[in-house]
Amino acid sequence: MSGMSGVAAAGSPQDAPLLRVENLAVGFGRAAARAGAVVEGVSFEVRAGRTVALVGESGSGKSVTARTVVGLTGRGSWVAAEALEVSGASVLGVIRADGTRRGLPAPEWRRIRGAQVGLVLQDALVSLDPLRPIGREIGDALRLHTPLSAGARRERVLELLESVGMPSPAERIGQRSGELSGGLRQRALIASALAASPGLLIADEPTTALDTTVQAQILSLFEEVVARGTGLLFISHDLAVVSRLADEVLVMRSGRVVESGPVERVLGDPQHDYTKQLLRAVPAGVPRGVRLSVSAEPAAPAVDAIRTSPPAPPLPDRAPGAPPAHAVAASPAPSTASPPARAAGEPSAALVVRGVTKRFGDRVAVDEVSLELRTGTTLGLVGESGSGKTTLARIVLGLDAPDAGVVELGGLPWVPGRESLRRPRRAQLGAVYQDALSSFDPRLTVGSILTDALGGADGVAELLREVDLSPELARRRPRELSGGQRQRVSIARALARRPRVLVLDEPVSALDVSVQAQILDLLDRLQREHGIAYLFISHDLGVVRHMSDRIAVMGSGRIVEEGPAATVFEHPEHPLTRSLLAAAPTLSHS
Amino acid sequence: MLTRAPRRGARLLGPVQWVALAVVVLLLVAALAPSVLAPGDPFAIAPAEAFLSPRWGHPFGTDESGRDIYTRVVHGAAPSLVIGVAATAIGIGLALVLGLAAALLGRVVDFAVSRLLEVLFAFPGLLLALLVITVYGPGVVTSTIAVGLATAPGYARIIRAQARSVAGAPYVEAAVVLGRSRARILGRHILPNAVVPVFVLVTLGVGQAIVWAAALSYLGLGAEPPAAEWGAMLFAGKNYLATAWWMTFFPGLAIVLSAAATTVLGRLLQRREVR
Amino acid sequence: GCSAAAPEASAPATPVSGGTLTYATGFGEPTCLDPHVGGNMPQALVGTNVLESLFSQDETGAIVPWLASGATVSDDGLTVDVALRDGISFTDGTPFDADAVVANIEHMQDPDTASSTAILALGKVASVEAADPLTARFHLSEPDSALQESLAQTWLAMESPAGLARGMDANCAGPIGTGPFVFSEWVKQDHVLLTRNDDYTSSPAGAAHEGPAYLDEIVWRFIPDPATRFAALQSGEVDVIDEMQPADVVAASAEGSGFGVLTGALPGASIRLELNSGYAPFDDERVRKAFIKSADVNPGIQSLFFGTVDRSYSVLSSSTPYGASFESEYAIDADEANRLLDEAGWTSRDADGYRTKDGERLTVDFPISTNQSIPAEVSLFEQIKETTKAVGFDVELHPLDLSSWYGALAAWDFGVTSAIYTKNSPDVLRILYHSDNIQPAPSGYHPNHSHVSIPELDAALTEAGETSDPAEREALYEEAQRILAEGAYVLPLYDHLSKIGYSDRVQGLSLLPTLQIPYFGDAWIAG
Amino acid sequence: MLVKAAWGVAGGVFVLWAAATLTFFGLRLIPGDPAQAVLGGPGSQASAEALAAVRAEYGLDQPVWVQYLRYLGRLGTGDLGSSYSLRQPVAEIIGAQIGGTLLLAALSLAVAWVIALGLAVWSTRGGRVAAAVGSALEIVAAAVPHFWLAMVLVLVFSTTLRWLPAVSTPGPAGLVLPVLTLALPLAGFLGQVMRESVLDALEAPFVLSARARGESEGGVRWRHVLRHGALPGIALSGWAFGWLISGAVVVETIFARPGLGRTLLNAVQLRDVPLVVGVVLVVALGYVVVTVLTDAVSRIADPRLRSAS
Ligand SMILES: Nc1ncnc2c1ncn2[C@@H]1O[C@H](COP(=O)(O)OP(=O)(O)OP(=O)(O)O)[C@@H](O)[C@H]1O
Ligand SMILES: Nc1ncnc2c1ncn2[C@@H]1O[C@H](COP(=O)(O)OP(=O)(O)OP(=O)(O)O)[C@@H](O)[C@H]1O
Ligand SMILES: [Mg+2]
Ligand SMILES: [Mg+2]
């Protein structure tokens with residue numbers, strides 16, 4: 001009812017934006033008190049054929065905003081806004097005495113969801129019912145919003161699958177999501193959101209879980225969809241992706257929009273500090289040794305600071321051995337700047353991998369790989385998902401035995417060999433894992449984890465300080481820490497015995513950009529201070545480029561290309577390297 | 001199903017949990033110091049006061065020999081709990097040996113133990129118990145052992161899975177990378193993490209063990225009269241079902257409440273454990 | 001005497017033929033329907049309406065002929081000629097004659113039959129022959145005043161020789177008799193189906209009518225749980241039940257309840273505790289006396305049985321002749337009990353208050369057959385445990401399944417126990433207390449659980465069994481019972497009552513006086 | 001799929017063999033002479049000849065391994081031997097009893113399923129109160145011993161209200177109380193597990209996706225949540241079968257229903273070894289069959305299992 005009057009008030013639907021949000025506030029808590037607001041004062045419009053992007057760090061309220069548009073904020077939430085209109089009709093429903101809205105009655109929402117607004121949820125891999133064929137999932141939107149017969153629906157589903165680039169749709173239509181790869185699932189999900197031809201598509205982090213090649217394909221799919229006249233509300237924390245897709249961008253932080261405008265302006269000429277900080281945290285294109293993170297300024301929503309008190313002292317003061325210019329300079333620093341270890345003549349090989357092969361059944365995960373990691377340098381290892389990076393790392397760490405080949409550590413044989421012979425030299429090799437939490441015994445406190453690593457309680461505080469953590473954290477358990485803090489503890493543990501080589505397998509992939517920046521800076525500093533060699537594995541080319549002296553590119557278990565970082569990035573030789581580079585969205589810095 | 005993640009947002013202590021905690025506390029008091037709750041003698045007969053319905057002085061009524069049912073129910077907590085705990089201890093003790101052996105002693109042992117467990121699973125609980133009783137004759141000790149044996153395969157399966165997942169956990173690999181010895185990894189990481197969740201299983205299991213032991217008593221294969229054991233009281237009371245419902249109602253209620261309360265408690269511990 | 005209420009009195013309606021009656025027994029399912037094999041109450045119950053005996057008893061306990069027409073005992077008492085009724089056939093067509101009697105007696109005496117009850121009852125029968133087609137001549141090794149009473153029991157019923165010849169397994173599955181019903185189906189664990197014998201001619205004395213029964217069939221079900229059994233009667237799923245709980249008897253007897261109850265004291269021994277005088281601690285008469293003087297059972301009998309039974313001071317059931325009461329021997333006297341125990345050397349007490357001697361506790365093991373002792377009885381035993389505890393006895397109750405209980409008895413592994421022995425003759429005293437019966441019968445059962453071995457008692461019992469002079473028998477049996485009472489071998493409790501509950505729809509139901517077993521030859525279903 | 005099934009069958013045969021072996025040697029532990037048991041248990045003092053005859057008849061005079069091989073041979077042909085107490089082939093006794101038990105178990109499982117799923121889906125629909133009530137009901141139901149429940153049901157529905165028979169009668173009315181007795185506690189167990197997966201499903205992104213597509217609350221429950229809730233129920237059916245057979249021992253005794261449970265209890269009380277072994281093996285067979293079936297059904301219902309293993 002109120003929806004109808006909304007249409008009348010907004011004039012003819014054609015002129016109206018597909019979505020108009022004016023001064024939106026959403027919260028979880030007592031509505032009357034407006035308690036627990038997680039989104040406040042958000043305003044924007046999405047028009048047909050245009051793309052609006054919401055960016056911001058994790059928890060800034062992007063998903064909540066998206067869900068509010070279709071009335072799915074969830075139990076215990078309240079919504080208030082000056083206007084919230086879908087295709088010109090208000091979806092706010094009855095106004096409560098406290099100014100919040102009750103939302104539309106359920107049947108009216110159901111006429112909007114799927115039909116006028118399609119939503120692609122953040123968790124793409126689990127957003128399709130694993131028990132139902134994707135054909136049914138996609139067809140559901142048709143069943144609900146069109147009078148089509150079952151046969152006609154099937155036809156339409158096939159068309160949709162075709163249009164999202166699903167290979168051999170007739171075969172896939174009967175498969176369940178578990179039988180599809182991540183990229184195909186995302187396509188199916190997009191097809192289901194587009195099924196009833198909604199004017200507006202909302203896509204919440206649609207590429208986060210995908211590797212870069214697949215991500216590139218999905219992004220071009222969105223470009224096609226928008227080209228056909230659909231309005232797109234695109235949510236991401238990846239500025240590079242946004243810069244490719246969006247016409248307009250809203251930067252969110254702690255539930256508020258700090259900056260908004262055309263994408264070129266916002267990313268090209270950021271006004272707000274936070275936007276600048278976000279942009280700076282993106283490692284792609286930032287040369288080695290240049291700090292990515294801004295030292296803890298009071299306004300920064302330091303994720304790590306949630307429970308940390310007092311805040312860790314800023315880096316520059318604690319890096320006496322490093323030239324201060326490197327620590328603060330935001331401008332490109334000469335890439336020749338070398339830490340003391342690197343300066344000490346021709347570095348020796350800390351780790352040598354020679355002809356290592358590993359098979360799992362018929363699949364060759366690692367195929368005749370040879371590598372050399374020099375003391376005090378970083379070797380970046382990149383490659384598509386499943387190319388064998390982790391397997392190689394496990395072999396280097398002596399966790400899996402290779403089928404052929406040898407690994408030498410500090411010039412001595414390391415793998416293959418008996419663990420009991422390796423054990424005395426374990427101190428030379430450390431590891432940092434992507435999932436720090438699960439690499440800690442859940443029963444132990446940070447203190448006892450580090451005590452274990454050190455072989456005594458002395459130096460725990462020292463070690464924590466070294467990774468910019470307050471020694472008070474020693475009493476906590478890892479699961480009581482934030483992601484960034486955990487990764488620091490993990491690094492501290494790896495450093496405890498002063499290793500010569502650190503294997504880092506996707507050490508920052510699970511972290512937010514700003515936290516990622518802090519960790520990368522930390523690693524950089526530690527390498528400079530202690531001359532540790534890093535085998536740095538990541539699928540994020542930007543991160544790898546920022547961190548590495550040399551780059552090795554892996555594909556299907558083989559090293560297809562290896563060379564100095566700059567050479568590999570600027571003059572890629574192997575087609576695989578080129579396609580990886582092409583797929584990676586880049587953000588051009590001003 | 002016994003080791004799953006906690007529900008997000010579920011409150012830890014709702015009214016149900018409080019009631020359960022209260023019941024467990026009452027149970028413990030009844031088991032450890034029954035005279036505090038019921039100073040009388042659970043065996044004292046008074047034929048003249050037989051079959052009194054619940055009333056002042058006999059809140060749960062009296063039985064066929066004029067014994068006070070309230071007193072008997074309170075004093076019955078200890079034997080019932082002892083049977084429940086002992087049976088669970090036997091079951092879990094056995095399961096620990098089997099489960100840990102399977103998980104940690106290599107493939108051959110794992111294969112053998114897994115097959116053995118599969119076979120034991122084919123004997124439903126009470127059947128295994130009845131088999132044991134066929135061999136060793138009825139009685140409290142036999143039925144306790146029987147219930148323990150009957151529950152062991154289930155626990156063993158859980159413990160094996162737990163130990164395996166712990167043994168393959170990233171933090172165990174991290175310990176290897178740190179150069180820890182096998183023994184140290186086993187002692188410091190694997191055993192504690194594999195065994196601690198077992199205490200949750202104990203709490204969850206005690207209630208069911210009480211129920212099964214009571215079932216054996218009820219079939220006349222457990223505690224001997226005039227033991228103030230809940231199952232045995234039910235066995236005696238069932239003959240007076242139509243005339244003296246309180247003889248069966250209250251001991252039955254005691255079983256239900258203690259089994260339910262320990263389950264709730266176990267769930268609570270489980271949640272804390274996985275949190 | 002026998003207290004069988006006559007339901008006919010209250011319902012003087014005309015019998016109607018047809019219909020199925022469902023009977024639920026709590027006695028358990030026999031493992032063999034032939035009562036010659038073993039010989040227990042479940043077999044007698046289901047067998048009585050199929051298998052008939054040579055003799056029967058009237059309500060005064062006097063012997064009346066049934067399949068026999070009479071008996072002549074020789075002067076020396078060693079030969080008994082049993083004259084048989086003419087024109088009776090087994091339901092398989094085999095004629096009933098002297099050869100059949102011979103075949104039956106030989107079957108009972110054959111060790112392979114594994115008879116317990118019949119073989120004991122025939123202890124004095126040396127052989128049987130067919131003097132002529134209608135006269136069976138029993139040759140006895142000693143005179144037997146109880147022979148005809150014994151032959152009146154269902155365990156000595158007459159079965160078709162052709163049926164017996166089929167072999168043990170087949171005969172167990174369906175013995176063939178002359179009765180008003182025939183075994184037509186036995187679904188193990190579920191029911192036995194009895195169907196009418198349309199050619200029935202041999203109604204017992206006192207039957208309300210001659211000729212075939214009114215009922216088409218009887219479904220004989222086994223419902224071990226007494227509460228369930230009564231609930232089934234109440235809800236109308238079954239028409240007649242046995243082994244009622246005392247409380248249920250009270251409820252069903254009430255006016256307007258829609259149900260009736262037939263009760264009768266089973267003949268033979270009363271329900272009693274047998275003190276095992278062969279082994280410690282009850283090999284000491286003072287300890288036995290102390291036990292009896294401290295076991296205060298009267299209040300329990302009152303409350304547990306709701307006034308449905310009377311305390312008995314006699315080893316013999318009130319429905320068995322020659323019972324003698326020695327009430328004074330069973331008076332409660334705790335002081336005297338304590339004195340006796342002190343005197344017997346059980347002077348110290350342990351922490352739990354039980355008496356000890358040489359560090360040994362005064363423990364009395366009490367195996368209870370869960371099949372034989374009804375729950376109220378078990379409760380009474382619990383009370384005995386409590387009252388004797390006051391003077392320092394540690395009575396340990398062990399409820400056992402039948403085979404374990406037999407096992408405990410066979411091994412003399414008990415201090416006190418309670419066993420049922422149903423026999424329609426005071427001769428039961430000989431079976432239970434003659435020293436000969438300390439030895440087990442072929443089935444393994446030794447009836448003399450008290451382990452009594454007293455020459456004077458043996459003499460009195462033997463003599464009473466041989467004489468046929470009633471006065472002399474009475475004097476001898478009284479003497480025997482006095483010896484048992486004064487020696488504190490037995491603690492009589494009450495009569496073993498047969499308690500049959502029935503729905504008002506069932507008419508014409510009666511108890512056959514011999515063993516107080518329900519007789520369905522006259523029964524019919526009203527409405 | 002076929003290979004899987006073949007492995008399943010092979011595993012089943014192994015389990016049966018091992019179960020047979022375990023019971024065979026387990027029951028050798030019974031103190032005393034099996035021949036004695038044949039002749040009426042420990043109380044019988046059978047003559048030496050009688051014992052010898054029985055030993056010969058049952059092959060008890062052979063060395064244990066010969067007996068074992070013969071026993072296996074007989075099992076292979078489906079011959080379970082002869083009951084000591086009922087003097088009838090065990091297979092025949094079981095054949096006569098198994099129908100009732102299977103019917104009871106199947107009905108109870110079905111009823112338990114419906115109750116559990118219904119309760120799980122219903123109680124997760126309302127607010128906190130409904131959820132607390134639902135979960136408390138499940139926990140209490142799972143804690144109720146059958147024998148007590150049976151007594152209470154009989155007291156209420158047979159003795160007091162006289163609506164339903166207290167003992168089994170041929171008609172369906174006689175099944176109501178036994179089935180309820182078995183189904184309610186089982187529903188408690190299943191419900192606890194089903195509720196978890198219903199809640200998981202309700203929180204899962206695919207449900208949010210469905211809602212975002214315009215699916216109604218009923219549609220969400222019917223098309224998505226119900227299946228997810230049912231999955232653990234299917235997976236637990238093997239366990240539930242065993243549980244129901246255990247329960248049948250009690251329920252068949254109380255309601256005087258013919259069936260395997262009651263047969264087993266009697267056999268245990270009479271130490272009727274062949275009958276005990278027979279029933280146990282048949283139950284093990286049933287368990288194996290049910291497990292193979294539920295594995296197959298689970299795999300059909302949940303494609304994730306197919307790819308996982
Ligand atoms: N159902 C809920 N109840 C309470 N708080 C919630 C709920 N949903 C979201 N929030 C809170 O709202 C805030 C914004 O969450 P939102 O999911 O929108 O973040 P986001 O920007 O999408 O982050 P991400 O990049 O991690 O997806 C967070 O602090 C979150 O904890
Ligand atoms: N334990 C294992 N058993 C069987 N196959 C395995 C095993 N570990 C890895 N593989 C396979 O080996 C290949 C290489 O896997 P690996 O984890 O090394 O890839 P990756 O480059 O680290 O990929 P990602 O970027 O996704 O982490 C994959 O195809 C994987 O499926
Ligand atoms: Mg989000
Ligand atoms: Mg990897």
# chains A, B, ... in the order shown; residues from 1 in each chain; ligands from 1

$ residues_near_ligand --ligand "ligand 4" --cutoff "9 Å" --atoms "only C-alpha atoms and all ligand atoms" --output "number ranges by chain"
A: 385-391, 393, 434, 505-506, 537-539

$ residues_around --residues "region 452-458 of chain C" --least-positions-apart "4" --cutoff "9 Å" --atoms "only C-alpha atoms" --output "PyMOL selection string"
chain C and resi 276-278+430+432-436+438+448+462-463+479-481+483-484+489

$ interface_residues --of "chain D" --to "chain A" --cutoff "12 Å" --atoms "only C-alpha atoms" --output "PyMOL selection string"
chain D and resi 125-128+201-220+223-231+298-308

$ interface_residues --of "chain B" --to "chain D" --cutoff "9 Å" --atoms "only C-alpha atoms" --output "count of residues only"
52

$ residues_near_ligand --ligand "ligand 2" --cutoff "12 Å" --atoms "only C-alpha atoms and all ligand atoms" --output "PyMOL selection string"
(chain A and resi 181-182+209-212+357-367+381-396+399-401+433-435+504-507+509+536-540+553-559) or (chain B and resi 168)

$ select_by_dssp --residues "region 63-222 of chain B" --states "alpha helix (DSSP H)" --output "ChimeraX atom specification"
/B:69-104,107-121,125-136,140-167,170-177,182-185,191-218

$ interface_residues --of "chain C" --to "chain D" --cutoff "8 Å" --atoms "only C-alpha atoms" --output "PyMOL selection string"
chain C and resi 31-32+169+188-190+222-225+228-229+231-232+234-235+237+401-411+440+442-445
